[in-house]
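Heads up, the thing below is written out as structure tokens.
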Amino acid sequence: MSDQVVTAHNGFERLLGRLGRKALGAVSWLGDMASVTGSSLALIFAPPWQGRHFVLQLYALGVGSFVIIAITGAFTGMVLSLQGYYTLAKFGSESLLGSAVALSIIRELGPVLGALMLVGRAGSSITAEIGIMRVTEQLDALQMMAVNPQARIILPRIVATTIALPLLVSMFDIIGLAAGYVVGVELLGVNAGAFTGEMIAKVLPEDLYAGWTKALAFGALVGSVCTYIGYRAVPTTEGVARATTQAVVIGSVGILMLDYVLTSFFL
Amino acid sequence: MNEYKKIEMIVGAFVLAGIISISWMAVKLGQIGGLGASGYALNAVFTDAGGMRAGSDVMMAGVVIGRVDNVVVNERSQARLTLLIDDGIPVTSDAIASVRTKGIIGERYVRISQGGDDEMLQAGDEIEETESAINIEDLVSKYIFSSGE
């Protein structure tokens, strides 16, 4: 296919050819990812289950990401409260601060920032780990011992990120709200009753469902993108390095794009 | 194995903390299965709901006593609101429901003023007396046209 493109007559045709090749490459990349992820997920119905590996991954990816999620959540809540206060104070409606902070954290910032932190901290390590398993032929060794690497390596990681992210995001939300409360009420002097009252009045069940659905979807996205890129890493030192970078970039961009799509569904 | 048991315990604590966070948010913030589910429903028909949305407050004497559960247009092209009133707050059968605005950004709420009747509305009843939203543009145009005569 690529041979024909090289014989193209002028620059424009060559450009078109290159664009076409890129597009086909992207589509086949997505297709391959769907096939690897799908066939790994299908193994969830096939015993023996890798419960032990799942727990270990939940520990490494979930518990290990807690501290960074907590710090991110606290500072997000604090800065939202600070920024929101000065904007709302111009209109004399500081009492709305609680609902403004709560809705932005629960609907948007909790899931998105939580997922970005997970991709940076846990996603990169997933890709690097699987990539090095590829380089050192551990994946082939597993196969030799009749252990399906998709069941043993990929599936527990996807399930772990999918389950861990909603839990982490909920913790992010609560820490962010508490930090926003401290800044808004203790430092800036917003009425405590107005802050919590508005927060409770304005946050509807739909907002919570929207946030949790996003967290679930982002968790699955992080898990499947990072395992797939590691699984298909070029088995060289450079290949693993490039795969790790790629996993973080594609994961982050994917989260932001998926966020827009999901938000437009929920509004 | 001992090491694994320890990890298992930490993971258990993590999952528990996550579930507590989720349920705290659900009960305290979203009021899922809390206030949202309890209470009794009353209907009220307005000619103009003025942008009322589900979730808006229902107030009596300035105190929140429930929330708007549903806003639809009925067969006579009027706005039909379903109000969820907290249990233990009786509403008289001649009460007046009005669409009001609170705050500077014009957030809508339903105000219920009690009447003098001894009879109380039951769940599913309709509040007969309603006052629609006051539309400032209408008032201004009315004023302009009437003063010109």
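The chains in the structure tokens are called A, B, ... from first to last as shown; in each chain the residues are counted from 1, and the ligands are counted from 1 in the order shown.
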
Using only C-alpha atoms, find the residues of chain A whose closest atom to chain B is at most 10 Å away, then write them as number ranges by chain.
A: 52, 55-60, 62-63, 66, 91-93, 95, 102, 106, 163-175, 196-197, 199-209, 212

Write out the residues from the selection above, keeping C-alpha atoms, as a short mmCIF file (atom, residue, chain, number, x, y, z; two decimals), in the first residue's frame.
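Saved file again38.cif follows:
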data_model
loop_
_atom_site.label_atom_id
_atom_site.label_comp_id
_atom_site.auth_asym_id
_atom_site.auth_seq_id
_atom_site.Cartn_x
_atom_site.Cartn_y
_atom_site.Cartn_z
CA ARG A 52 -4.69 -11.75 44.18
CA VAL A 55 -5.79 -6.73 45.05
CA LEU A 56 -2.09 -6.03 44.47
CA GLN A 57 -2.95 -3.67 41.60
CA LEU A 58 -5.63 -1.93 43.64
CA TYR A 59 -2.95 -1.39 46.27
CA ALA A 60 -0.32 -0.10 43.85
CA GLY A 62 -5.38 3.04 44.08
CA VAL A 63 -3.86 3.30 47.54
CA PHE A 66 -4.24 8.55 47.41
CA PHE A 91 -21.97 41.08 42.70
CA GLY A 92 -22.46 40.84 46.42
CA SER A 93 -23.39 37.18 46.18
CA SER A 95 -23.33 33.32 49.74
CA ALA A 102 -19.25 22.15 45.18
CA ILE A 106 -18.24 17.39 41.81
CA ILE A 163 -12.79 0.62 40.51
CA ALA A 164 -10.12 2.79 42.14
CA LEU A 165 -10.89 6.04 40.30
CA PRO A 166 -14.49 6.55 41.51
CA LEU A 167 -13.30 5.88 45.06
CA LEU A 168 -10.38 8.29 44.68
CA VAL A 169 -12.58 10.92 43.05
CA SER A 170 -15.07 10.75 45.92
CA MET A 171 -12.21 11.31 48.36
CA PHE A 172 -10.93 14.15 46.13
CA ASP A 173 -14.40 15.75 46.22
CA ILE A 174 -14.73 15.62 49.98
CA ILE A 175 -11.20 16.85 50.64
CA THR A 196 -22.98 24.64 53.52
CA GLY A 197 -26.67 25.45 53.01
CA MET A 199 -23.91 23.66 48.80
CA ILE A 200 -26.52 21.14 49.97
CA ALA A 201 -29.38 22.94 48.22
CA LYS A 202 -27.67 23.20 44.82
CA VAL A 203 -26.03 19.78 44.55
CA LEU A 204 -28.62 17.43 43.08
CA PRO A 205 -28.39 13.65 42.76
CA GLU A 206 -27.86 14.12 39.00
CA ASP A 207 -24.66 16.07 39.68
CA LEU A 208 -23.32 13.22 41.79
CA TYR A 209 -24.27 10.61 39.18
CA TRP A 212 -19.30 9.20 39.33
#

Apply DSSP to the backbone of this structure and, from range 5-142 of chain B, keep only the residues in strand (DSSP E or B); write these as a ChimeraX atom specification.
/B:40-46,57-60,63-73,79-85,92,96-102,107-113,120,126-127,129-131

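Computed from the coordinates, the CA of Ala26 in chain A to CA of Asp259 in chain A distance equals 20.4 Å.
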
Pairwise distance for CA of Tyr85 in chain A and CA of Gly176 in chain A, rounded to one decimal in Å
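Going from CA of Tyr85 in chain A over to CA of Gly176 in chain A covers 15.5 Å.
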
Got a sec: who's within 12 Å of Gly84 in chain A, counting only C-alpha atoms, leaving out chain neighbours fewer than 5 positions off, as a PyMOL selection string?
chain A and resi 76-79+89-104+180+183-184+188+190

Please produce a file of the residues just selected, as a compact mmCIF listing (two decimals), in the first residue's frame, where the atoms kept are C-alpha atoms.
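Result file is result-v6.txt:
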# COMPACT_ATOMS: atom_id res chain seq x y z
CA THR A 76 -8.18 22.71 43.97
CA GLY A 77 -10.84 23.39 46.59
CA MET A 78 -8.77 26.16 48.13
CA VAL A 79 -8.06 28.01 44.89
CA ALA A 89 -18.04 39.49 45.86
CA LYS A 90 -18.26 41.91 42.92
CA PHE A 91 -21.97 41.08 42.70
CA GLY A 92 -22.46 40.84 46.42
CA SER A 93 -23.39 37.18 46.18
CA GLU A 94 -20.65 35.55 48.26
CA SER A 95 -23.33 33.32 49.74
CA LEU A 96 -23.30 31.33 46.49
CA LEU A 97 -19.65 30.39 47.03
CA GLY A 98 -20.50 27.01 48.57
CA SER A 99 -22.59 25.87 45.63
CA ALA A 100 -20.11 27.23 43.08
CA VAL A 101 -17.21 25.33 44.66
CA ALA A 102 -19.25 22.15 45.18
CA LEU A 103 -20.68 22.00 41.66
CA SER A 104 -17.37 22.70 39.93
CA GLY A 180 -12.83 25.15 50.08
CA VAL A 183 -10.65 29.05 52.85
CA GLY A 184 -14.15 30.43 52.25
CA LEU A 188 -12.51 34.94 53.79
CA VAL A 190 -18.26 33.79 54.23
